[in-house]
>>> print(open('start.pdb').read())   # PDB, C-alpha atoms and all ligand atoms
ATOM      1  CA  MET J 149     -39.756  21.213  14.833
ATOM      2  CA  PHE J 150     -36.454  22.242  16.414
ATOM      3  CA  ASN J 151     -35.446  18.611  16.911
ATOM      4  CA  SER J 152     -36.320  17.568  13.398
ATOM      5  CA  ARG J 153     -34.370  20.509  11.979
ATOM      6  CA  ILE J 154     -31.305  19.518  14.035
ATOM      7  CA  GLY J 155     -31.852  15.958  12.818
ATOM      8  CA  LEU J 156     -31.995  17.119   9.206
ATOM      9  CA  ILE J 157     -28.827  19.209   9.603
ATOM     10  CA  ALA J 158     -27.101  16.210  11.186
ATOM     11  CA  VAL J 159     -28.100  14.007   8.259
ATOM     12  CA  ILE J 160     -26.948  16.600   5.709
ATOM     13  CA  LEU J 161     -23.607  16.977   7.509
ATOM     14  CA  TRP J 162     -23.248  13.228   7.692
ATOM     15  CA  VAL J 163     -23.936  12.808   3.970
ATOM     16  CA  ALA J 164     -21.529  15.650   3.140
ATOM     17  CA  THR J 165     -18.799  14.165   5.322
ATOM     18  CA  ALA J 166     -19.348  10.689   3.914
ATOM     19  CA  GLY J 167     -19.282  12.154   0.392
ATOM     20  CA  VAL J 168     -16.019  14.014   0.951
ATOM     21  CA  PHE J 169     -14.509  10.976   2.635
ATOM     22  CA  SER J 170     -15.543   8.670  -0.252
ATOM     23  CA  TRP J 171     -14.197  11.143  -2.817
ATOM     24  CA  PHE J 172     -10.838  11.115  -1.037
ATOM     25  CA  PHE J 173     -10.998   7.345  -0.573
ATOM     26  CA  VAL J 174     -11.071   6.956  -4.368
ATOM     27  CA  HIS J 175      -8.963   9.921  -5.532
ATOM     28  CA  GLY J 176      -6.671  10.487  -2.556
ATOM     29  CA  ASN J 177      -4.825  13.747  -1.950
ATOM     30  CA  THR J 178      -2.868  14.121  -5.183
ATOM     31  CA  GLU J 179      -1.356  16.686  -7.534
ATOM     32  CA  VAL J 180       0.972  16.662 -10.552
ATOM     33  CA  GLY J 181       4.433  15.716  -9.310
ATOM     34  CA  SER J 182       7.793  17.409  -9.945
ATOM     35  CA  ASP J 183       8.760  14.833 -12.588
ATOM     36  CA  GLY J 184       5.390  14.265 -14.263
ATOM     37  CA  ARG J 185       4.326  11.362 -12.061
ATOM     38  CA  ASN J 186       1.317  11.779  -9.772
ATOM     39  CA  ALA J 187       2.361  13.090  -6.379
ATOM     40  CA  ILE J 188       0.482  11.950  -3.287
ATOM     41  CA  VAL J 189       0.637  14.782  -0.769
ATOM     42  CA  LEU J 190       1.146  13.594   2.818
ATOM     43  CA  GLU J 191       2.313  14.861   6.195
ATOM     44  CA  ALA J 192       6.058  14.328   6.675
ATOM     45  CA  GLY J 193       5.402  11.585   9.259
ATOM     46  CA  GLU J 194       2.971   9.745   6.965
ATOM     47  CA  ARG J 195       5.484   9.861   4.105
ATOM     48  CA  SER J 196       8.174   8.456   6.423
ATOM     49  CA  LEU J 197       5.811   5.662   7.487
ATOM     50  CA  ILE J 198       5.192   4.604   3.875
ATOM     51  CA  LEU J 199       8.866   4.885   2.912
ATOM     52  CA  GLY J 200       9.702   2.720   5.944
ATOM     53  CA  GLU J 201       7.206   0.148   4.661
ATOM     54  CA  MET J 202       8.909   0.368   1.260
ATOM     55  CA  ARG J 203      12.316  -0.362   2.742
ATOM     56  CA  SER J 204      10.807  -3.413   4.451
ATOM     57  CA  LEU J 205       9.552  -4.562   1.030
ATOM     58  CA  LEU J 206      13.098  -4.240  -0.339
ATOM     59  CA  VAL J 207      14.544  -6.149   2.633
ATOM     60  CA  ALA J 208      11.942  -8.885   2.100
ATOM     61  CA  THR J 209      12.660  -9.089  -1.628
ATOM     62  CA  GLN J 210      16.391  -9.462  -0.935
ATOM     63  CA  GLY J 211      15.601 -12.153   1.661
ATOM     64  CA  VAL J 212      13.453 -14.096  -0.796
ATOM     65  CA  VAL J 213      16.138 -14.030  -3.510
ATOM     66  CA  GLN J 214      18.857 -15.024  -1.046
ATOM     67  CA  GLY J 215      16.705 -17.812   0.399
ATOM     68  CA  ILE J 216      16.031 -19.222  -3.067
ATOM     69  CA  GLN J 217      19.725 -19.023  -3.991
ATOM     70  CA  GLN J 218      20.698 -20.879  -0.795
ATOM     71  CA  ASN J 219      17.792 -23.305  -1.094
ATOM     72  CA  ASP J 220      16.606 -22.142   2.337
ATOM     73  CA  MET J 221      12.827 -22.165   1.943
ATOM     74  CA  LYS J 222      12.284 -21.257   5.584
ATOM     75  CA  HIS J 223      14.150 -18.015   4.971
ATOM     76  CA  VAL J 224      12.082 -17.389   1.818
ATOM     77  CA  ALA J 225       8.832 -17.913   3.744
ATOM     78  CA  GLN J 226       9.901 -15.773   6.725
ATOM     79  CA  SER J 227      11.096 -12.915   4.516
ATOM     80  CA  ALA J 228       7.928 -12.876   2.428
ATOM     81  CA  ARG J 229       5.556 -13.259   5.357
ATOM     82  CA  ALA J 230       7.149 -10.294   7.160
ATOM     83  CA  VAL J 231       5.557  -8.054   4.499
ATOM     84  CA  GLY J 232       2.334 -10.046   4.085
ATOM     85  CA  MET J 233      -1.194  -8.827   4.802
ATOM     86  CA  ALA J 234      -0.617  -8.926   8.571
ATOM     87  CA  SER J 235       1.958  -6.139   8.202
ATOM     88  CA  ALA J 236      -0.555  -3.895   6.438
ATOM     89  CA  VAL J 237      -3.528  -3.880   8.794
ATOM     90  CA  ASP J 238      -2.589  -0.946  11.031
ATOM     91  CA  VAL J 239      -2.724   1.984   8.622
ATOM     92  CA  ASN J 240      -4.855   4.780  10.091
ATOM     93  CA  PRO J 241      -8.022   5.972   8.271
ATOM     94  CA  ALA J 242      -6.743   9.569   7.749
ATOM     95  CA  LEU J 243      -3.750   8.263   5.843
ATOM     96  CA  MET J 244      -5.863   5.713   3.942
ATOM     97  CA  ALA J 245      -8.095   8.571   2.742
ATOM     98  CA  LYS J 246      -5.101  10.407   1.241
ATOM     99  CA  LEU J 247      -3.993   7.397  -0.804
ATOM    100  CA  PRO J 248      -5.783   6.931  -4.155
ATOM    101  CA  LEU J 249      -7.782   3.710  -4.494
ATOM    102  CA  GLU J 250      -5.560   2.451  -7.316
ATOM    103  CA  PHE J 251      -2.472   2.944  -5.112
ATOM    104  CA  LYS J 252      -4.107   1.149  -2.168
ATOM    105  CA  SER J 253      -5.207  -1.827  -4.256
ATOM    106  CA  LEU J 254      -1.778  -2.204  -5.874
ATOM    107  CA  GLY J 255      -0.128  -1.987  -2.442
ATOM    108  CA  MET J 256      -2.534  -4.526  -0.931
ATOM    109  CA  SER J 257      -2.031  -6.917  -3.826
ATOM    110  CA  VAL J 258       1.747  -6.849  -3.188
ATOM    111  CA  HIS J 259       1.164  -7.762   0.484
ATOM    112  CA  HIS J 260      -1.219 -10.489  -0.650
ATOM    113  CA  ASP J 261       1.339 -11.839  -3.157
ATOM    114  CA  MET J 262       3.954 -12.021  -0.413
ATOM    115  CA  ASP J 263       1.674 -14.271   1.684
ATOM    116  CA  ASP J 264       1.123 -16.463  -1.382
ATOM    117  CA  LEU J 265       4.886 -16.619  -1.945
ATOM    118  CA  ALA J 266       5.458 -17.629   1.694
ATOM    119  CA  ALA J 267       2.844 -20.385   1.365
ATOM    120  CA  ALA J 268       4.376 -21.585  -1.918
ATOM    121  CA  ALA J 269       7.848 -21.766  -0.340
ATOM    122  CA  GLU J 270       6.447 -23.717   2.620
ATOM    123  CA  SER J 271       4.652 -26.166   0.369
ATOM    124  CA  GLY J 272       7.913 -26.992  -1.444
ATOM    125  CA  LYS J 273       7.270 -25.302  -4.790
ATOM    126  CA  PRO J 274      10.384 -25.366  -7.019
ATOM    127  CA  ALA J 275      12.732 -22.370  -7.192
ATOM    128  CA  PRO J 276      11.798 -21.265 -10.752
ATOM    129  CA  GLU J 277       8.151 -21.088  -9.743
ATOM    130  CA  LEU J 278       8.999 -19.002  -6.672
ATOM    131  CA  LEU J 279      11.158 -16.694  -8.778
ATOM    132  CA  GLY J 280       8.314 -16.360 -11.267
ATOM    133  CA  MET J 281       5.961 -15.316  -8.464
ATOM    134  CA  LEU J 282       8.499 -12.797  -7.184
ATOM    135  CA  SER J 283       8.997 -11.404 -10.668
ATOM    136  CA  THR J 284       5.247 -10.902 -11.108
ATOM    137  CA  THR J 285       5.108  -9.147  -7.744
ATOM    138  CA  MET J 286       8.096  -6.969  -8.592
ATOM    139  CA  SER J 287       6.394  -5.805 -11.769
ATOM    140  CA  LYS J 288       3.849  -4.232  -9.389
ATOM    141  CA  CYS J 289       6.700  -2.423  -7.537
ATOM    142  CA  VAL J 290       7.874  -1.131 -10.924
ATOM    143  CA  ALA J 291       4.379  -0.131 -12.092
ATOM    144  CA  CYS J 292       3.624   1.769  -8.912
ATOM    145  CA  HIS J 293       6.991   3.557  -8.817
ATOM    146  CA  SER J 294       6.606   4.706 -12.395
ATOM    147  CA  ALA J 295       3.171   6.205 -11.655
ATOM    148  CA  TRP J 296       3.443   7.785  -8.202
ATOM    149  CA  GLN J 297       5.702   9.853  -6.002
ATOM    150  CA  LEU J 298       5.243  10.898  -2.382
ATOM    151  CA  LYS J 299       5.407  14.553  -1.454
ATOM    152  CA  ALA J 300       5.598  15.902   2.091
ATOM    153  CA  ASN J 301       3.196  18.739   2.897
TER     154      ASN J 301
HETATM  155  C1  LIG N   1       1.321   0.995  -4.391
HETATM  156  C2  LIG N   1       2.520   1.601  -4.846
HETATM  157  C3  LIG N   1       3.847   0.991  -4.539
HETATM  158  C4  LIG N   1       4.174  -0.341  -4.572
HETATM  159  C5  LIG N   1       3.306  -1.531  -4.945
HETATM  160  C6  LIG N   1       5.561  -0.404  -4.203
HETATM  161  N1  LIG N   1       6.049   0.845  -3.936
HETATM  162 FE1  LIG N   1       7.914   1.314  -3.299
HETATM  163  N2  LIG N   1       7.465   3.278  -3.299
HETATM  164  C7  LIG N   1       6.270   3.811  -3.725
HETATM  165  C8  LIG N   1       6.361   5.258  -3.750
HETATM  166  C9  LIG N   1       5.254   6.195  -4.175
HETATM  167  C10 LIG N   1       7.657   5.589  -3.317
HETATM  168  C11 LIG N   1       8.252   7.001  -3.199
HETATM  169  C12 LIG N   1       8.791   7.351  -4.585
HETATM  170  C13 LIG N   1       9.117   8.802  -4.733
HETATM  171  O1  LIG N   1       8.627   9.653  -3.955
HETATM  172  O2  LIG N   1       9.857   9.112  -5.685
HETATM  173  C14 LIG N   1       8.323   4.329  -3.034
HETATM  174  C15 LIG N   1       9.621   4.225  -2.562
HETATM  175  C16 LIG N   1      10.282   3.026  -2.393
HETATM  176  C17 LIG N   1      11.623   2.911  -1.870
HETATM  177  C18 LIG N   1      12.492   4.042  -1.360
HETATM  178  C19 LIG N   1      12.364   4.106   0.163
HETATM  179  C20 LIG N   1      13.049   5.309   0.786
HETATM  180  O3  LIG N   1      13.403   5.205   1.960
HETATM  181  O4  LIG N   1      13.211   6.351   0.109
HETATM  182  C21 LIG N   1      11.939   1.570  -1.897
HETATM  183  C22 LIG N   1      13.229   0.927  -1.451
HETATM  184  C23 LIG N   1      10.776   0.849  -2.424
HETATM  185  N3  LIG N   1       9.786   1.775  -2.710
HETATM  186  C24 LIG N   1      10.718  -0.506  -2.604
HETATM  187  C25 LIG N   1       9.619  -1.193  -3.087
HETATM  188  C26 LIG N   1       9.588  -2.619  -3.397
HETATM  189  C27 LIG N   1      10.776  -3.556  -3.265
HETATM  190  C28 LIG N   1       8.334  -2.910  -3.805
HETATM  191  C29 LIG N   1       7.737  -4.228  -4.241
HETATM  192  C30 LIG N   1       8.029  -5.415  -3.520
HETATM  193  C31 LIG N   1       7.583  -1.670  -3.771
HETATM  194  N4  LIG N   1       8.398  -0.657  -3.335
HETATM  195  C32 LIG N   1       6.260  -1.583  -4.124
HETATM  196  C33 LIG N   1       5.143   3.114  -4.057
HETATM  197  C34 LIG N   1       5.042   1.724  -4.165
END
>>> encode(input="start.pdb", output="structure tokens", more="lines below")
Ligand code: HEC
Amino acid sequence: MFNSRIGLIAVILWVATAGVFSWFFVHGNTEVGSDGRNAIVLEAGERSLILGEMRSLLVATQGVVQGIQQNDMKHVAQSARAVGMASAVDVNPALMAKLPLEFKSLGMSVHHDMDDLAAAAESGKPAPELLGMLSTTMSKCVACHSAWQLKAN
């Protein structure tokens, strides 16, 4: 009796925890931002981590444009791959839970695009095609920035 009650409580707690976690996984930790965008509320360190990742995206974008301009496809591929999927694998679960699903999928699709761009540069695709890919990717930077801001707790 005692054991089964403990078991039941454990199951209820597990379901509740999983429920709360899934709710956050989809909605994230958000509120209305200071300028009407949606603000994602993070710890100061988590916000710094994401902004650092953002600056890497800007560095990579500059590298891709420069590589195309100088016809240096190795530089294009290296710049893009530096912010590919491999750079995105280490985000901790607590932070992932605070980011809304829509934000995570947009972010992941940018990393994915960068791997595709690296592969396209390596396979000798012409410059206009590479620029077209970059432009499509950058419209995701623009879309995300117009929807979200990051707020430190
Ligand atoms: C999934 C959403 C998302 C995507 C995609 C995204 N960003 Fe951001 N980025 C943000 C948010 C949110 C901020 C913080 C904006 C704020 O708080 O006002 C930010 C901030 C930045 C900053 C400022 C960094 C700092 O130190 O303050 C740069 C630079 C940046 N992004 C570059 C990029 C570039 C380049 C791309 C595309 C290649 C990109 N971002 C794609 C969400 C995104």
>>> closest_residue(input="start.pdb", among="J:Arg229, J:Lys288, J:Lys252, J:Arg203", to="J:Ile188", atoms="only C-alpha atoms")
J:Lys252
>>> resolve_selection(input="start.pdb", expression="the PyMOL selection byres (((chain J and resi 245) around 8) and not hetatm)", output="PDB file with C-alpha atoms, keeping the file's coordinate frame")
ATOM      1  CA  PHE J 169     -14.509  10.976   2.635  1.00  0.00           C
ATOM      2  CA  PHE J 172     -10.838  11.115  -1.037  1.00  0.00           C
ATOM      3  CA  PHE J 173     -10.998   7.345  -0.573  1.00  0.00           C
ATOM      4  CA  VAL J 174     -11.071   6.956  -4.368  1.00  0.00           C
ATOM      5  CA  GLY J 176      -6.671  10.487  -2.556  1.00  0.00           C
ATOM      6  CA  ASN J 177      -4.825  13.747  -1.950  1.00  0.00           C
ATOM      7  CA  PRO J 241      -8.022   5.972   8.271  1.00  0.00           C
ATOM      8  CA  ALA J 242      -6.743   9.569   7.749  1.00  0.00           C
ATOM      9  CA  LEU J 243      -3.750   8.263   5.843  1.00  0.00           C
ATOM     10  CA  MET J 244      -5.863   5.713   3.942  1.00  0.00           C
ATOM     11  CA  LYS J 246      -5.101  10.407   1.241  1.00  0.00           C
ATOM     12  CA  LEU J 247      -3.993   7.397  -0.804  1.00  0.00           C
ATOM     13  CA  PRO J 248      -5.783   6.931  -4.155  1.00  0.00           C
TER      14      PRO J 248
END
>>> residues_near_ligand(input="start.pdb", ligand="ligand LIG 1 (chain N)", cutoff="8 Å", atoms="all atoms listed in the file", output="JSON, numbers by chain")
{"J": [187, 188, 196, 198, 199, 200, 201, 202, 203, 204, 205, 206, 207, 208, 209, 250, 251, 252, 253, 254, 255, 256, 257, 258, 285, 286, 287, 288, 289, 290, 291, 292, 293, 295, 296, 297, 298, 299]}
>>> atom_distance(input="start.pdb", atom1="atom CA of J:Ala230", atom2="atom CA of J:Glu191")
25.6 Å
>>> resolve_selection(input="start.pdb", expression="the PyMOL selection byres (((chain J and resi 232) around 9) and not hetatm)", output="PyMOL selection string")
chain J and resi 228-231+233-236+256+258-264+266
>>> atom_distance(input="start.pdb", atom1="atom CA of J:Ser182", atom2="atom CA of J:Glu194")
19.2 Å
>>> closest_residue(input="start.pdb", among="J:Ala268, J:Thr178, J:Ala275, J:Ala300", to="J:Gln214", atoms="all atoms listed in the file")
J:Ala275
>>> decode(input="start.pdb", residues="stretch 210-293 of chain J", atoms="C-alpha atoms", output="CSV table (one decimal), in the first residue's frame")
chain,number,residue,atom,x,y,z
J,210,GLN,CA,31.1,38.9,-43.1
J,211,GLY,CA,33.5,36.1,-43.9
J,212,VAL,CA,31.1,34.6,-46.5
J,213,VAL,CA,30.6,37.9,-48.3
J,214,GLN,CA,34.3,38.6,-48.3
J,215,GLY,CA,35.1,35.1,-49.5
J,216,ILE,CA,32.7,35.5,-52.4
J,217,GLN,CA,34.0,38.9,-53.3
J,218,GLN,CA,37.6,37.6,-53.4
J,219,ASN,CA,36.6,34.3,-55.1
J,220,ASP,CA,38.0,32.4,-52.1
J,221,MET,CA,35.6,29.5,-51.7
J,222,LYS,CA,37.7,27.9,-49.0
J,223,HIS,CA,37.1,31.1,-46.9
J,224,VAL,CA,33.4,31.0,-47.6
J,225,ALA,CA,33.2,27.3,-46.6
J,226,GLN,CA,35.2,27.8,-43.4
J,227,SER,CA,33.3,30.9,-42.3
J,228,ALA,CA,29.9,29.3,-42.9
J,229,ARG,CA,30.9,26.0,-41.3
J,230,ALA,CA,32.1,27.7,-38.1
J,231,VAL,CA,28.4,28.5,-37.4
J,232,GLY,CA,27.0,25.3,-38.7
J,233,MET,CA,25.1,22.6,-36.7
J,234,ALA,CA,28.2,21.5,-35.0
J,235,SER,CA,28.4,24.9,-33.2
J,236,ALA,CA,24.9,24.5,-31.9
J,237,VAL,CA,25.0,21.2,-30.1
J,238,ASP,CA,26.1,22.2,-26.7
J,239,VAL,CA,23.2,24.3,-25.4
J,240,ASN,CA,22.1,23.2,-22.0
J,241,PRO,CA,18.6,21.9,-21.4
J,242,ALA,CA,17.7,24.7,-18.9
J,243,LEU,CA,18.4,27.3,-21.4
J,244,MET,CA,16.7,25.3,-24.2
J,245,ALA,CA,13.5,25.3,-22.1
J,246,LYS,CA,13.5,29.1,-21.8
J,247,LEU,CA,13.6,29.6,-25.6
J,248,PRO,CA,10.3,29.3,-27.4
J,249,LEU,CA,10.0,26.5,-30.0
J,250,GLU,CA,9.6,29.0,-32.9
J,251,PHE,CA,12.9,30.7,-31.8
J,252,LYS,CA,14.7,27.4,-31.5
J,253,SER,CA,13.6,26.2,-34.9
J,254,LEU,CA,14.5,29.5,-36.6
J,255,GLY,CA,17.9,29.4,-34.9
J,256,MET,CA,18.5,25.8,-35.9
J,257,SER,CA,17.5,26.4,-39.5
J,258,VAL,CA,20.1,29.2,-39.7
J,259,HIS,CA,22.8,26.8,-38.5
J,260,HIS,CA,21.6,24.2,-41.0
J,261,ASP,CA,21.6,26.8,-43.8
J,262,MET,CA,25.2,27.6,-43.0
J,263,ASP,CA,26.3,24.0,-43.4
J,264,ASP,CA,24.4,23.9,-46.7
J,265,LEU,CA,26.2,27.1,-47.8
J,266,ALA,CA,29.6,25.6,-46.8
J,267,ALA,CA,28.8,22.5,-48.9
J,268,ALA,CA,27.7,24.6,-51.8
J,269,ALA,CA,30.9,26.7,-51.7
J,270,GLU,CA,33.0,23.5,-51.6
J,271,SER,CA,31.1,21.9,-54.5
J,272,GLY,CA,31.9,25.0,-56.7
J,273,LYS,CA,28.5,26.6,-56.9
J,274,PRO,CA,28.6,30.0,-58.7
J,275,ALA,CA,28.8,33.2,-56.6
J,276,PRO,CA,25.3,34.4,-57.4
J,277,GLU,CA,23.9,31.2,-56.1
J,278,LEU,CA,25.9,31.4,-52.9
J,279,LEU,CA,24.8,35.0,-52.4
J,280,GLY,CA,21.2,33.9,-53.0
J,281,MET,CA,21.5,31.3,-50.2
J,282,LEU,CA,23.1,33.8,-47.9
J,283,SER,CA,20.3,36.3,-48.6
J,284,THR,CA,17.6,33.7,-47.8
J,285,THR,CA,19.4,32.9,-44.6
J,286,MET,CA,19.8,36.5,-43.7
J,287,SER,CA,16.0,37.0,-44.1
J,288,LYS,CA,15.8,34.6,-41.1
J,289,CYS,CA,18.2,36.9,-39.1
J,290,VAL,CA,15.9,39.8,-40.0
J,291,ALA,CA,12.7,37.9,-39.1
J,292,CYS,CA,13.9,36.7,-35.8
J,293,HIS,CA,15.3,40.2,-34.8
